[in-house]
Each structure stands twice: as structure tokens, then as C-alpha cells.
Amino acid sequence: MTTLFNGIISGPRRRSFNDVTERATRIAGGLRRLGVKPGDSVCVLMRNDIAFLEAAYAVMQLGAYAVPVNWHFKPEEITYVIQDSGSRIVIGHADMLHQLREAIPPGVTTLSVAPPPEILANYRIDAAHLEAPDTAIDLESWLVEQAPYAGPALPQPSNMIYTSGTTGHPKGVRRNMPTPEQMVSIDQMRARVYGLKPGARALLPGPLYHSAPNAFGLRAGRLGGALVLMPRFEPEEFLRIIQDERIDTVFMVPTMFIRLMKLPAEVRDKYDVSSLRHVIHAAAPCPADVKRAMIDWWGPVIFEFYGSTESGAVTFASSEDALKKPGTVGKIAPGAELRFLDDDGKILPQGEIGEIYSRIAGNPDFTYHNKPDKRGEIDRDGFITSGDVGYIDADGYVFICDRKRDMVISGGVNIYPAEIEAALHGVAGVHDCAVFGIPDEEFGEALMAVIEPQPGVVLDLALVRLQLKKALADYKVPKRIEIQSNLPREDSGKIFKRRLRDPYWAKAGRVI
């Protein structure tokens with residue numbers, strides 16, 4: 001039997017945990033000499049890469065906040081994150097630094113990382129942008145000159161993730177430094193929810209700039225087993241990695257399930273996935289039929305949590321829960337509390353839909369960096385909300401109906417796009433879709449659906465409408481439906497609904 005490698009794996013590259021630790025400690029030493037102090041921020045602008053982890057570990061070692069930047073952001077959004085976080089150092093892939101020359105504020109030092117082979121194989125990168133721009137310092141050359149950080153061990157904060165809402169600037173979620181007791185609680189939660197235990201052989205196909213994949217990746221990279229990073233999700237390559245690396249723990253999003261299920265049966269059956277023991281997913285609703293099909297294929301190893309960057313994981317569902325209560329995000333997680341409130345702040349009884357507020361005992365509190373007032377806006381009596389609406393049934397299972405801010409109010413009627421998107425996923429030939437509100441003179445808002453068909457499929461919109469009318473009330477059938485290939489996406493596969501919706505509201509001169 002082939003001996004399995006323990007360490008960080010990315011494409012053809014393998015780096016031992018000792019080497020990752022040694023490089024991170026030298027990066028930390030160099031950053032300290034550049035003036036990084038406890039509580040400071042350092043932006044990390046990279047795709048999935050071993051260097052991303054090393055940079056984040058280095059910053060954390062100094063008691064500072066690594067700030068993963070969503071590299072899909074527009075240049076002005078990236079400038080805003082750098083300035084708002086107070087970062088005086090940006091560590092980024094060389095090609096991105098070339099493209100963002102004007103976005104890097106004056107006085108900010110940039111350390112340039114050459115895109116590795118697996119990145120070059122998966123992204124179209126200008127050959128002239130592979131080396132550090134003249135405005136940046138090449139990280140590898142710089143690293144040779146750096147002595148390891150030899151200062152005291154400091155409390156290590158979580159990375160500061162910037163959330164991007166439907167309107168306004170992104171907000172940095174800056175969590176307080178954890179106490180030793182809180183660290184024990186956090187480790188226990190990650191073992192329970194993420195399935196991350198000592199020796200885990202983990203696979204991360206989602207982007208490290210998102211909060212849950214970031215927490216998953218940073219934890220998995222310190223457990224002595226293996227962490228495999230994918231530069232981007234590709235279904236068959238994903239299955240090959242599980243088989244060849246004997247992966248047992250994975251973090252996914254539902255779009256990945258959908259793409260896997262669309263592989264031909266003969267391709268799915270080629271790969272041995274029997275090593276899997278804990279596949280956790282979150283970030284978006286998973287259609288119940290897709291979840292059932294994945295459990296039929298992989299067995300009862302699929303788990304789900306619901307939460308947010310601000311709250312952490314507040315519910316947890318096993319495969320058994322998913323089969324017993326299709327569509328649930330599970331029961332309230334240990335240590336968490338949930339409330340379902342109406343618009344007046346009244347606590348609603350079981351079965352009634354309300355805005356979801358939560359808190360977790362022992363979780364380090366947070367603020368929005370430079371925006372403490374925004375923190376107050378989402379707080380009611382110590383419980384916070386991310387704007388989701390849902391309910392809890394008589395058996396204690398939680399169901400999410402939609403995001404409150406995504407809710408469409410058409411003619412005074414509340415409509416939840418997630419319900420319509422689930423119906424569209426049931427239409428033959430639909431690969432993915434997004435439903436949102438657009439301005440309407442008569443009703444205020446009207447429903448619009450944008451559908452991405454499966455490759456080679458030509459959809460008949462009249463038949464799509466007919467099938468929707470069989471599943472939904474007439475007022476829930478979108479007034480306008482369009483076909484569009486290659487919907488705008490993040491690396492996680494999640495649709496950038498804001499990019500589809502905003503142009504319509506910009507033309508209308510209003511946002512609601």
C-alpha cells in the first residue's frame with residue numbers, strides 16, 4: 001500500500017508541517033521587523049495556496065489579524081478593505097498585485113508571491129505578471145533574509161473576514177482575542193461541527209477568503225494528518241483526490257454536490273470514496289433531493305451547519321436529520337441559543353416564521369471594525385442576526401426560509417426567492433439559477449429569474465413557466481425570466497446575485 005503524505009498538498013506540491021511552520025515563523029519575524037504589532041492587520045490577497053496558510057499563520061503568531069481579501073472584489077472594494085482594516089502590508093499573488101497597482105494605497109508595503117503551477121493550470125494569467133511588480137518585494141527573496149520570530153507566544157486571534165452585503169461597503173468582523181477557556185471551546189466546536197480531529201486527512205475545495213473555509217483550513221493545517229487545497233473546484237478531480245489521498249474530512253457548499261451529481265454515473269463509480277467519514281456543508285440552502293442523492297451515494301457521512309461569520313455555527317444536522325426532516329438545517333447546536341422575532345422584536349412561538357437571532361455561550365464577542373454602530377444594529381438583548389428568516393418546528397428542527405434582505409415585497413406580499421430557486425432546480429436542464437427583485441412601477445418590485453442551462457441544453461421558457469406554475473402559486477412565478485450562460489460566481493460556486501440585481505436598481509435610481 002502506498003504511504004500517504006502528511007502535510008499540506010496543493011496540486012503537485014507537497015510541504016511538510018515542519019516546513020510550513022518554519023516558513024511561517026520566518027515570515028512572522030520579517031513582518032515584525034516591518035513593524036507589525038499585536039492587534040494590527042495584514043491583508044492576504046491570494047487564491048488557495050500553501051503560501052496563504054503560511055502568511056495567515058505568521059500574522060496570527062504575532063497576535064495580529066490576517067485579513068483574507070476576496071480577490072473577486074472590484075479594485076475600489078479592495079482599496080477600501082486595505083484602508084479600513086488599517087493594513088500597512090499586503091501579501092498577494094504577483095498577477096493580482098500587477099492588476100491592482102492603482103488599488104494599493106500609498107505607504108502600503110506589498111509582498112509578492114509567484115502563482116504556483118496548480119494556479120497557472122486553473123486560471124488564465126498573463127505571462128508578464130508572474131513575477132513581482134516593481135512596486136512589490138518578492139516574498140521568496142525577502143524570506144531568505146529573515147530570521148525566525150523569537151518573541152513571546154501571544155494569543156492568536158481569528159482572521160478578520162470582511163463580509164460583503166447587498167449594499168454599502170464590506171464590514172470587517174473583528175473578533176476579540178480568545179481566552180484559553182474559549183480556545184478549548186472553539187477547538188471542541190470545530191472537532192464536532194467540522195469533523196476536524198487529530199490526524200484528519202482533510203480536503204478544502206472552497207476559497208480560503210471565506211470565513212468557514214478559512215477556519216476549516218487553518219485548523220486542518222495543524223492536526224498532523226493532511227490538508228489538500230484545490231485551486232478551484234473541478235468535480236472529477238475532486239473525486240480523484242478523495243480516492244488517492246484517502247480523504248476523510250471535507251468542507252463543501254451545495255453547488256459542489258449539484259455539480260458532482262451531474263457527472264455521468266460511470267465517472268462517479270470510477271472512484272473509491274469509502275474513506276469519507278465527515279463531509280460538512282454550509283453557506284447556502286441544499287435542495288432536499290440533492291442531499292438525499294448524496295447520502296445514497298456516500299452514506300450517512302454528510303453533515304450541515306447553519307451560521308454566519310458573525311455568529312459561528314448555531315445549528316447542526318446529521319444525515320439522519322436530513323432524511324427525517326428534508327430541508328432542515330438541524331437542531332440548535334450545543335452552547336447556542338436561537339430566537340425567532342417578528343418586526344417588533346417579539347419572540348415568536350414554534351412554527352412561526354421570524355428573523356433569526358442567535359448567540360453562543362463562550363464564543364469571543366466581535367465588533368465590526370471601525371463600525372461599532374453597525375454591530376448595534378444587528379443586536380437585540382445580546383442576540384445577533386445575519387438577516388435570515390425561518391422557524392423551528394415542534395421537534396426542535398430549524399428551517400431557513402430565506403434572507404430577509406433578499407425577500408421581495410411585490411404588491412405588499414412577501415416572497416422568498418429561495419423557494420422559487422428550489423423549484424427551478426427541479427426543472428430538467430437547469431444547471432443553476434438566481435431569483436431576485438427588480439423595480440416595477442405597479443408593484444414596487446417584481447420577481448426576476450436568471451437561469452443558467454446545463455451545457456448543450458436549450459431551455460423553452462414557456463415550458464419552464466408551466467412547470468413552475470405546477471409547483472408554485474401564480475404570484476411566485478417570476479414576471480421576467482432570462483437565460484444566461486456563466487452566471488457570475490465566486491470560487492465557492494456561490495452566485496454573485498448582487499452583480500445580477502444591482503444594474504436594474506441603479507437604472508431605477510433607488511435600492512428598494
# chains A, B, ... in the order shown; residues from 1 in each chain; ligands from 1
call {"tool": "residues_around", "arguments": {"residues": "Ala128 of chain A", "least_positions_apart": "5", "cutoff": "12 Å", "atoms": "only C-alpha atoms", "output": "PyMOL selection string"}}
result
chain A and resi 94-96+98-99+114+133
call {"tool": "residues_around", "arguments": {"residues": "Asn18 of chain A", "least_positions_apart": "2", "cutoff": "12 Å", "atoms": "only C-alpha atoms", "output": "list of chain:residue names"}}
result
A:Asn6, A:Gly7, A:Ile8, A:Arg14, A:Arg15, A:Ser16, A:Val20, A:Thr21, A:Glu22, A:Arg23, A:Ala24, A:Thr25, A:Glu54, A:Gly221, A:Arg222, A:Gly224
call {"tool": "closest_atom_pairs", "arguments": {"of": "segment 313-426 of chain A", "to": "segment 138-157 of chain A", "cutoff": "12 Å", "atoms": "only C-alpha atoms", "output": "CSV"}}
result
residue,atom,partner,partner_atom,distance
A:Pro364,CA,A:Pro157,CA,9.7
A:Asp365,CA,A:Pro157,CA,11.6
A:Phe366,CA,A:Pro157,CA,11.1
call {"tool": "write_last_selection", "arguments": {"atoms": "C-alpha atoms", "output": "compact mmCIF listing (two decimals), in the first residue's frame"}}
result
# COMPACT_ATOMS: atom_id res chain seq x y z
CA PRO A 364 -15.43 35.50 21.80
CA ASP A 365 -17.52 38.58 21.05
CA PHE A 366 -16.90 40.69 17.96
call {"tool": "select_by_dssp", "arguments": {"residues": "segment 439-477 of chain A", "states": "strand (DSSP E)", "output": "NGL selection string"}}
result
:A and (439-440 or 444-453)
call {"tool": "residues_around", "arguments": {"residues": "segment 386-401 of chain A", "least_positions_apart": "5", "cutoff": "9 Å", "atoms": "only C-alpha atoms", "output": "NGL selection string"}}
result
:A and (285 or 306-311 or 315 or 317 or 321 or 325 or 327-332 or 340-341 or 348-357 or 378 or 406 or 416-419)
call {"tool": "atom_distance", "arguments": {"atom1": "atom CA of Gln467 of chain A", "atom2": "atom CA of Tyr504 of chain A"}}
result
26.4 Å
call {"tool": "select_by_dssp", "arguments": {"residues": "segment 132-290 of chain A", "states": "alpha helix (DSSP H)", "output": "ChimeraX atom specification"}}
result
/A:139-144,180-193,211-220,235-245,254-261,265-268,288-290
call {"tool": "closest_residue", "arguments": {"among": "A:Arg101, A:Arg33, A:Thr255, A:Thr179", "to": "Glu76 of chain A", "atoms": "only C-alpha atoms"}}
result
A:Arg101
call {"tool": "residues_around", "arguments": {"residues": "Val253 of chain A", "least_positions_apart": "3", "cutoff": "9 Å", "atoms": "only C-alpha atoms", "output": "list of chain:residue names"}}
result
A:Gly206, A:Met256, A:Phe257, A:Ile280, A:His281, A:Ala282, A:Ala283, A:Ala284, A:Pro285, A:Cys286, A:Ser492, A:Gly493, A:Lys494
call {"tool": "residues_around", "arguments": {"residues": "Ile104 of chain A", "least_positions_apart": "4", "cutoff": "12 Å", "atoms": "only C-alpha atoms", "output": "PyMOL selection string"}}
result
chain A and resi 43+45+75-83+87-92+96-100+108-111+135-136
call {"tool": "residues_around", "arguments": {"residues": "Ala220 of chain A", "least_positions_apart": "4", "cutoff": "9 Å", "atoms": "only C-alpha atoms", "output": "list in words"}}
result
Leu196, Lys197, Pro198, Gly199, Ala200, Arg201, Ala202, Leu203, Ala215, Phe216, Gly224, Gly225, Ala226 and Leu227 of chain A
call {"tool": "atom_distance", "arguments": {"atom1": "atom CA of Phe73 of chain A", "atom2": "atom CA of Pro207 of chain A"}}
result
13.5 Å
call {"tool": "atom_distance", "arguments": {"atom1": "atom CA of Asn176 of chain A", "atom2": "atom CA of Gly107 of chain A"}}
result
27.5 Å
call {"tool": "residues_around", "arguments": {"residues": "Pro12 of chain A", "least_positions_apart": "2", "cutoff": "9 Å", "atoms": "only C-alpha atoms", "output": "list in words"}}
result
Ile9, Ser10, Arg14, Pro117 and Glu118 of chain A
call {"tool": "closest_residue", "arguments": {"among": "A:Thr3, A:Ala506, A:Met46, A:Tyr57", "to": "Ala28 of chain A", "atoms": "only C-alpha atoms"}}
result
A:Tyr57
call {"tool": "closest_residue", "arguments": {"among": "A:Pro213, A:Pro478, A:Gly437, A:Gly426", "to": "Met407 of chain A", "atoms": "only C-alpha atoms"}}
result
A:Gly437
call {"tool": "decode", "arguments": {"residues": "segment 277-296 of chain A", "atoms": "N, CA and C atoms", "output": "mmCIF file, in the first residue's frame"}}
result
data_model
loop_
_atom_site.group_PDB
_atom_site.id
_atom_site.type_symbol
_atom_site.label_atom_id
_atom_site.label_comp_id
_atom_site.auth_asym_id
_atom_site.auth_seq_id
_atom_site.Cartn_x
_atom_site.Cartn_y
_atom_site.Cartn_z
ATOM 1 N N ARG A 277 -15.604 10.152 6.141
ATOM 2 C CA ARG A 277 -16.327 9.940 7.400
ATOM 3 C C ARG A 277 -17.083 11.194 7.855
ATOM 4 N N HIS A 278 -16.662 12.390 7.356
ATOM 5 C CA HIS A 278 -17.313 13.627 7.798
ATOM 6 C C HIS A 278 -17.225 14.653 6.674
ATOM 7 N N VAL A 279 -18.341 14.866 5.987
ATOM 8 C CA VAL A 279 -18.427 15.880 4.934
ATOM 9 C C VAL A 279 -19.380 16.954 5.437
ATOM 10 N N ILE A 280 -18.850 18.137 5.708
ATOM 11 C CA ILE A 280 -19.667 19.207 6.270
ATOM 12 C C ILE A 280 -19.953 20.249 5.192
ATOM 13 N N HIS A 281 -21.193 20.722 5.132
ATOM 14 C CA HIS A 281 -21.512 21.772 4.172
ATOM 15 C C HIS A 281 -22.306 22.863 4.862
ATOM 16 N N ALA A 282 -22.256 24.056 4.233
ATOM 17 C CA ALA A 282 -22.942 25.232 4.763
ATOM 18 C C ALA A 282 -22.977 26.276 3.655
ATOM 19 N N ALA A 283 -23.298 27.517 4.028
ATOM 20 C CA ALA A 283 -23.208 28.712 3.172
ATOM 21 C C ALA A 283 -24.417 28.976 2.302
ATOM 22 N N ALA A 284 -25.185 27.933 1.953
ATOM 23 C CA ALA A 284 -26.356 28.133 1.096
ATOM 24 C C ALA A 284 -27.302 26.968 1.301
ATOM 25 N N PRO A 285 -28.597 27.152 0.986
ATOM 26 C CA PRO A 285 -29.537 26.029 1.123
ATOM 27 C C PRO A 285 -29.174 24.886 0.179
ATOM 28 N N CYS A 286 -29.375 23.671 0.636
ATOM 29 C CA CYS A 286 -29.140 22.495 -0.204
ATOM 30 C C CYS A 286 -30.486 21.866 -0.538
ATOM 31 N N PRO A 287 -30.836 21.745 -1.822
ATOM 32 C CA PRO A 287 -32.100 21.092 -2.183
ATOM 33 C C PRO A 287 -32.191 19.704 -1.562
ATOM 34 N N ALA A 288 -33.356 19.379 -0.986
ATOM 35 C CA ALA A 288 -33.518 18.122 -0.250
ATOM 36 C C ALA A 288 -33.241 16.907 -1.122
ATOM 37 N N ASP A 289 -33.622 16.962 -2.408
ATOM 38 C CA ASP A 289 -33.396 15.808 -3.277
ATOM 39 C C ASP A 289 -31.910 15.616 -3.568
ATOM 40 N N VAL A 290 -31.178 16.712 -3.641
ATOM 41 C CA VAL A 290 -29.724 16.621 -3.853
ATOM 42 C C VAL A 290 -29.061 16.016 -2.624
ATOM 43 N N LYS A 291 -29.467 16.472 -1.435
ATOM 44 C CA LYS A 291 -28.901 15.930 -0.200
ATOM 45 C C LYS A 291 -29.163 14.426 -0.102
ATOM 46 N N ARG A 292 -30.391 14.022 -0.425
ATOM 47 C CA ARG A 292 -30.753 12.605 -0.356
ATOM 48 C C ARG A 292 -29.905 11.780 -1.330
ATOM 49 N N ALA A 293 -29.703 12.307 -2.537
ATOM 50 C CA ALA A 293 -28.910 11.587 -3.538
ATOM 51 C C ALA A 293 -27.456 11.453 -3.094
ATOM 52 N N MET A 294 -26.916 12.496 -2.459
ATOM 53 C CA MET A 294 -25.539 12.428 -1.987
ATOM 54 C C MET A 294 -25.393 11.415 -0.851
ATOM 55 N N ILE A 295 -26.375 11.356 0.037
ATOM 56 C CA ILE A 295 -26.331 10.378 1.132
ATOM 57 C C ILE A 295 -26.446 8.963 0.573
ATOM 58 N N ASP A 296 -27.288 8.787 -0.427
ATOM 59 C CA ASP A 296 -27.395 7.468 -1.077
ATOM 60 C C ASP A 296 -26.056 7.047 -1.664
#
